[in-house]
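**Student:** So here's run_33.pdb (PDB, C-alpha atoms and all ligand atoms).
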```pdb
ATOM      1  CA  MET A   1     151.944  58.373 257.039
ATOM      2  CA  VAL A   2     152.507  61.325 254.716
ATOM      3  CA  SER A   3     156.031  62.634 255.061
ATOM      4  CA  TRP A   4     155.416  66.233 253.970
ATOM      5  CA  ASP A   5     155.219  69.140 256.389
ATOM      6  CA  ASN A   6     151.572  69.827 255.738
ATOM      7  CA  PRO A   7     149.078  67.208 256.806
ATOM      8  CA  PRO A   8     147.033  65.796 253.940
ATOM      9  CA  ILE A   9     143.705  67.464 253.362
ATOM     10  CA  SER A  10     141.106  64.772 253.022
ATOM     11  CA  SER A  11     138.948  65.125 249.965
ATOM     12  CA  ASP A  12     135.251  65.202 250.585
ATOM     13  CA  ASP A  13     132.834  62.851 248.851
ATOM     14  CA  GLU A  14     132.009  65.472 246.200
ATOM     15  CA  SER A  15     135.618  65.874 245.021
ATOM     16  CA  MET A  16     136.103  62.097 245.015
ATOM     17  CA  LYS A  17     133.341  61.755 242.426
ATOM     18  CA  SER A  18     134.540  64.518 240.078
ATOM     19  CA  GLN A  19     137.333  64.105 237.565
ATOM     20  CA  PRO A  20     140.866  64.516 238.901
ATOM     21  CA  PRO A  21     142.570  67.735 237.770
ATOM     22  CA  MET A  22     144.965  67.872 234.829
ATOM     23  CA  THR A  23     148.558  67.361 235.895
ATOM     24  CA  MET A  24     151.941  68.581 234.775
ATOM     25  CA  GLU A  25     155.251  66.745 234.608
ATOM     26  CA  CYS A  26     157.253  67.255 237.776
ATOM     27  CA  THR A  27     159.988  64.653 238.219
ATOM     28  CA  GLU A  28     160.515  65.644 241.838
ATOM     29  CA  TRP A  29     156.923  64.820 242.632
ATOM     30  CA  ILE A  30     155.755  62.138 240.245
ATOM     31  CA  ILE A  31     156.852  58.983 242.002
ATOM     32  CA  LEU A  32     154.833  56.160 243.438
ATOM     33  CA  ALA A  33     153.752  57.269 246.884
ATOM     34  CA  LEU A  34     154.458  53.871 248.384
ATOM     35  CA  ASN A  35     155.246  55.360 251.780
ATOM     36  CA  HIS A  36     151.803  56.930 252.003
ATOM     37  CA  VAL A  37     148.793  55.220 253.422
ATOM     38  CA  ALA A  38     146.537  56.477 250.626
ATOM     39  CA  HIS A  39     145.202  53.887 248.245
ATOM     40  CA  CYS A  40     142.998  54.679 245.262
ATOM     41  CA  GLU A  41     139.681  53.070 244.318
ATOM     42  CA  HIS A  42     141.731  50.218 242.801
ATOM     43  CA  ARG A  43     143.104  49.622 246.359
ATOM     44  CA  ALA A  44     146.548  50.351 244.851
ATOM     45  CA  PRO A  45     149.217  52.751 246.175
ATOM     46  CA  CYS A  46     148.727  56.289 244.916
ATOM     47  CA  GLU A  47     150.971  58.387 242.732
ATOM     48  CA  GLU A  48     152.096  61.834 243.832
ATOM     49  CA  LEU A  49     150.837  64.338 241.268
ATOM     50  CA  LEU A  50     150.969  68.074 240.675
ATOM     51  CA  ALA A  51     147.742  69.755 239.570
ATOM     52  CA  PHE A  52     147.980  71.973 236.525
ATOM     53  CA  GLU A  53     144.454  73.236 236.108
ATOM     54  CA  SER A  54     142.584  76.361 237.079
ATOM     55  CA  THR A  55     143.033  77.715 240.600
ATOM     56  CA  ASP A  56     144.453  74.383 241.810
ATOM     57  CA  SER A  57     147.577  74.751 239.652
ATOM     58  CA  GLY A  58     150.653  73.760 241.598
ATOM     59  CA  ARG A  59     148.789  71.889 244.343
ATOM     60  CA  ARG A  60     150.145  68.466 245.216
ATOM     61  CA  PHE A  61     147.754  65.573 245.432
ATOM     62  CA  LEU A  62     147.683  61.803 245.511
ATOM     63  CA  GLY A  63     145.920  60.138 242.628
ATOM     64  CA  CYS A  64     145.505  56.882 240.771
ATOM     65  CA  ALA A  65     148.828  55.417 239.609
ATOM     66  CA  LYS A  66     147.329  52.759 237.327
ATOM     67  CA  LYS A  67     148.781  52.670 233.826
ATOM     68  CA  ASP A  68     147.411  49.424 232.385
ATOM     69  CA  VAL A  69     143.740  50.077 233.195
ATOM     70  CA  PRO A  70     141.647  53.275 233.120
ATOM     71  CA  LYS A  71     142.510  55.485 236.079
ATOM     72  CA  CYS A  72     139.966  55.923 238.857
ATOM     73  CA  ASN A  73     138.939  59.417 240.022
ATOM     74  CA  TYR A  74     140.606  59.234 243.429
ATOM     75  CA  VAL A  75     142.042  62.572 244.597
ATOM     76  CA  GLU A  76     143.552  63.278 247.994
ATOM     77  CA  TRP A  77     144.888  66.810 248.245
ATOM     78  CA  ILE A  78     148.215  67.204 250.024
ATOM     79  CA  ASP A  79     148.403  70.992 249.801
ATOM     80  CA  PRO A  80     145.533  73.040 251.238
ATOM     81  CA  GLU A  81     143.512  75.287 248.924
ATOM     82  CA  TRP A  82     145.602  78.273 247.824
ATOM     83  CA  PRO A  83     144.928  81.672 249.430
ATOM     84  CA  ILE A  84     142.302  83.798 247.644
ATOM     85  CA  PRO A  85     144.820  86.283 246.076
ATOM     86  CA  LEU A  86     146.831  83.394 244.587
ATOM     87  CA  LYS A  87     143.633  81.779 243.297
ATOM     88  CA  GLN A  88     142.633  85.088 241.680
ATOM     89  CA  ALA A  89     146.056  85.422 240.049
ATOM     90  CA  LEU A  90     145.928  81.833 238.757
ATOM     91  CA  ALA A  91     142.390  82.340 237.453
ATOM     92  CA  ARG A  92     143.521  85.490 235.602
ATOM     93  CA  ILE A  93     146.508  83.677 234.073
ATOM     94  CA  TRP A  94     144.321  80.777 232.898
ATOM     95  CA  THR A  95     141.780  83.239 231.461
ATOM     96  CA  MET A  96     144.581  84.988 229.549
ATOM     97  CA  TYR A  97     145.804  81.608 228.304
ATOM     98  CA  GLU A  98     142.311  80.585 227.146
ATOM     99  CA  GLU A  99     141.823  83.942 225.408
ATOM    100  CA  GLU A 100     145.142  83.446 223.593
ATOM    101  CA  VAL A 101     144.172  79.899 222.557
ATOM    102  CA  THR A 102     140.785  81.166 221.317
ATOM    103  CA  MET A 103     142.454  83.958 219.313
ATOM    104  CA  ARG A 104     144.856  81.452 217.742
ATOM    105  CA  LEU A 105     141.960  79.132 216.855
ATOM    106  CA  ILE A 106     140.060  82.016 215.244
ATOM    107  CA  HIS A 107     143.229  82.980 213.346
ATOM    108  CA  ASP A 108     143.688  79.360 212.201
ATOM    109  CA  VAL A 109     140.041  79.128 211.067
ATOM    110  CA  VAL A 110     140.455  82.338 209.032
ATOM    111  CA  LYS A 111     143.635  80.902 207.464
ATOM    112  CA  VAL A 112     141.880  77.623 206.627
ATOM    113  CA  GLU A 113     138.993  79.552 205.038
ATOM    114  CA  GLU A 114     141.493  81.523 202.933
ATOM    115  CA  VAL A 115     143.249  78.320 201.826
ATOM    116  CA  CYS A 116     139.875  76.729 200.967
ATOM    117  CA  LYS A 117     138.942  79.785 198.863
ATOM    118  CA  VAL A 118     142.286  79.661 196.995
ATOM    119  CA  LEU A 119     141.845  75.913 196.355
ATOM    120  CA  LYS A 120     138.290  76.517 195.098
ATOM    121  CA  ASP A 121     139.537  79.303 192.771
ATOM    122  CA  LYS A 122     142.345  77.027 191.547
ATOM    123  CA  ARG A 123     139.874  74.214 190.786
ATOM    124  CA  LYS A 124     137.632  76.642 188.886
ATOM    125  CA  MET A 125     140.608  77.948 186.870
ATOM    126  CA  GLU A 126     141.691  74.368 186.065
ATOM    127  CA  ASN A 127     138.172  73.552 184.846
ATOM    128  CA  ASP A 128     138.087  76.755 182.773
ATOM    129  CA  LEU A 129     141.486  75.897 181.291
ATOM    130  CA  ARG A 130     140.368  72.336 180.478
ATOM    131  CA  PHE A 131     137.222  73.721 178.786
ATOM    132  CA  PHE A 132     139.309  76.240 176.849
ATOM    133  CA  LYS A 133     141.756  73.518 175.702
ATOM    134  CA  VAL A 134     138.915  71.328 174.411
ATOM    135  CA  ASN A 135     137.291  74.261 172.595
ATOM    136  CA  PHE A 136     140.618  75.350 171.193
ATOM    137  CA  ALA A 137     141.365  71.821 169.935
ATOM    138  CA  LYS A 138     137.918  71.671 168.270
ATOM    139  CA  MET A 139     138.494  75.066 166.681
ATOM    140  CA  VAL A 140     141.919  74.042 165.359
ATOM    141  CA  ALA A 141     140.488  70.786 164.034
ATOM    142  CA  ASP A 142     137.674  72.672 162.246
ATOM    143  CA  VAL A 143     140.144  75.122 160.703
ATOM    144  CA  CYS A 144     142.412  72.291 159.568
ATOM    145  CA  LEU A 145     139.541  70.301 158.072
ATOM    146  CA  ASN A 146     138.217  73.404 156.278
ATOM    147  CA  TYR A 147     141.729  74.174 155.047
ATOM    148  CA  VAL A 148     142.079  70.786 153.357
ATOM    149  CA  GLY A 149     138.569  71.129 151.989
ATOM    150  CA  ILE A 150     136.881  68.521 154.076
ATOM    151  CA  SER A 151     133.986  69.892 156.028
ATOM    152  CA  PRO A 152     133.610  68.191 159.377
ATOM    153  CA  LYS A 153     129.842  68.352 158.866
ATOM    154  CA  ARG A 154     130.063  66.068 155.847
ATOM    155  CA  LYS A 155     132.312  63.643 157.579
ATOM    156  CA  GLY A 156     130.836  60.261 158.404
TER
HETATM  157 ZN    ZN B   1     142.951  53.860 240.901
END
```
So, in terms of structure tokens, how does the structure I just supplied come out?
**Tutor:**
Amino acid sequence: MVSWDNPPISSDDESMKSQPPMTMECTEWIILALNHVAHCEHRAPCEELLAFESTDSGRRFLGCAKKDVPKCNYVEWIDPEWPIPLKQALARIWTMYEEEVTMRLIHDVVKVEEVCKVLKDKRKMENDLRFFKVNFAKMVADVCLNYVGISPKRKG
């Protein structure tokens, strides 16, 4: 039997098939739920988890505790769905978070483009410098050869 105050809310078939929510570290909650009757699709005791995703953030649930094999999608909610106002607040917070992440990504892309442009300019300048050095060396060689009276055109 579940020892919490609220009775477990059984997940329907639809939620059993979908991916379990993301979770967050919560040492008070993340322990093997050996005293609970729930067993995952591996027929193994469940782990007590804390959802950290969308409007389910903060809801306790039992999920797959397997570490050595891929986890199954078993989810048994312990907490009921949050009240509508709390869901709306959580949705707004997650939207703000996603907007911030998007803005940072755009900022990073702009930075990367700037760095790429600088690197491209640097490469072009290095090529120009190399070309100049070769031309300058040829010019100096021509001047030197003319100075000593040996035309490079007659050479060889
Ligand atoms: Zn499992």
**Student:** Which residues are near ligand ZN 1 (chain B) in this structure, taking near to mean any atom at most 12 Å from a ligand atom and counting all atoms listed in the file? Format them as a CSV table (one decimal) with C-alpha atoms, in the frame of the given file.
**Tutor:**
```
chain,number,residue,atom,x,y,z
A,16,MET,CA,136.1,62.1,245.0
A,20,PRO,CA,140.9,64.5,238.9
A,38,ALA,CA,146.5,56.5,250.6
A,39,HIS,CA,145.2,53.9,248.2
A,40,CYS,CA,143.0,54.7,245.3
A,41,GLU,CA,139.7,53.1,244.3
A,42,HIS,CA,141.7,50.2,242.8
A,43,ARG,CA,143.1,49.6,246.4
A,44,ALA,CA,146.5,50.4,244.9
A,45,PRO,CA,149.2,52.8,246.2
A,46,CYS,CA,148.7,56.3,244.9
A,47,GLU,CA,151.0,58.4,242.7
A,62,LEU,CA,147.7,61.8,245.5
A,63,GLY,CA,145.9,60.1,242.6
A,64,CYS,CA,145.5,56.9,240.8
A,65,ALA,CA,148.8,55.4,239.6
A,66,LYS,CA,147.3,52.8,237.3
A,67,LYS,CA,148.8,52.7,233.8
A,68,ASP,CA,147.4,49.4,232.4
A,69,VAL,CA,143.7,50.1,233.2
A,70,PRO,CA,141.6,53.3,233.1
A,71,LYS,CA,142.5,55.5,236.1
A,72,CYS,CA,140.0,55.9,238.9
A,73,ASN,CA,138.9,59.4,240.0
A,74,TYR,CA,140.6,59.2,243.4
A,75,VAL,CA,142.0,62.6,244.6
A,76,GLU,CA,143.6,63.3,248.0
```
**Student:** Mind giving me the straight-line distance from CA of Glu81 (chain A) to CA of Arg60 (chain A) in Å, one decimal?
**Tutor:**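 Between these atoms lies a distance of 10.2 Å.
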**Student:** Using only C-alpha atoms, pick whichever of A:His36, A:Thr27, A:Ser57, A:Asn146 has the shortest atom-to-atom distance to Trp94 (chain A).
**Tutor:**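 The shortest atom-to-atom distance to Trp94 (chain A) comes from A:Ser57.
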**Student:** Any idea what's packed within 9 Å of Pro21 (chain A), counting all atoms listed in the file, ignoring anything in its chain fewer than 2 positions away? Could you give it as a list of chain:residue names?
**Tutor:**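 Near neighbours after the sequence-gap exclusion: A:Ser18, A:Gln19, A:Thr23, A:Leu50, A:Ala51, A:Phe52, A:Glu53, A:Ser54, A:Asp56, A:Ser57, A:Val75.
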**Student:** Got time to write the residues from that selection, C-alpha atoms, as an mmCIF file, in the frame of the given file?
**Tutor:**
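Produced file selection33.cif, reproduced below:
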```
data_model
loop_
_atom_site.group_PDB
_atom_site.id
_atom_site.type_symbol
_atom_site.label_atom_id
_atom_site.label_comp_id
_atom_site.auth_asym_id
_atom_site.auth_seq_id
_atom_site.Cartn_x
_atom_site.Cartn_y
_atom_site.Cartn_z
ATOM 1 C CA SER A 18 134.540 64.518 240.078
ATOM 2 C CA GLN A 19 137.333 64.105 237.565
ATOM 3 C CA THR A 23 148.558 67.361 235.895
ATOM 4 C CA LEU A 50 150.969 68.074 240.675
ATOM 5 C CA ALA A 51 147.742 69.755 239.570
ATOM 6 C CA PHE A 52 147.980 71.973 236.525
ATOM 7 C CA GLU A 53 144.454 73.236 236.108
ATOM 8 C CA SER A 54 142.584 76.361 237.079
ATOM 9 C CA ASP A 56 144.453 74.383 241.810
ATOM 10 C CA SER A 57 147.577 74.751 239.652
ATOM 11 C CA VAL A 75 142.042 62.572 244.597
#
```
**Student:** So how far away is CA of Lys111 (chain A) from CA of Asn127 (chain A), in Å?
**Tutor:**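 It comes out at 24.4 Å.
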**Student:** What gap, in Å, lies between CA of Gly58 (chain A) and CA of Asp79 (chain A)?
**Tutor:**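 Computing the Euclidean distance for CA of Gly58 (chain A) and CA of Asp79 (chain A) yields 8.9 Å.
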**Student:** Mind giving me the axis-aligned box for region 86-98 of chain A with 8 Å on every side, centre plus edges in Å to one decimal, as AutoDock Vina command-line options?
**Tutor:**
```
--center_x 144.3 --center_y 83.0 --center_z 235.9 --size_x 21.1 --size_y 20.9 --size_z 33.4
```
**Student:** Which residue is closest to Lys87 (chain A)? Choose from A:Arg59, A:Lys117, A:Lys133, A:His107 and count all atoms listed in the file.
**Tutor:**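 Looking only at the distances to Lys87 (chain A), the closest residue turns out to be A:Arg59.
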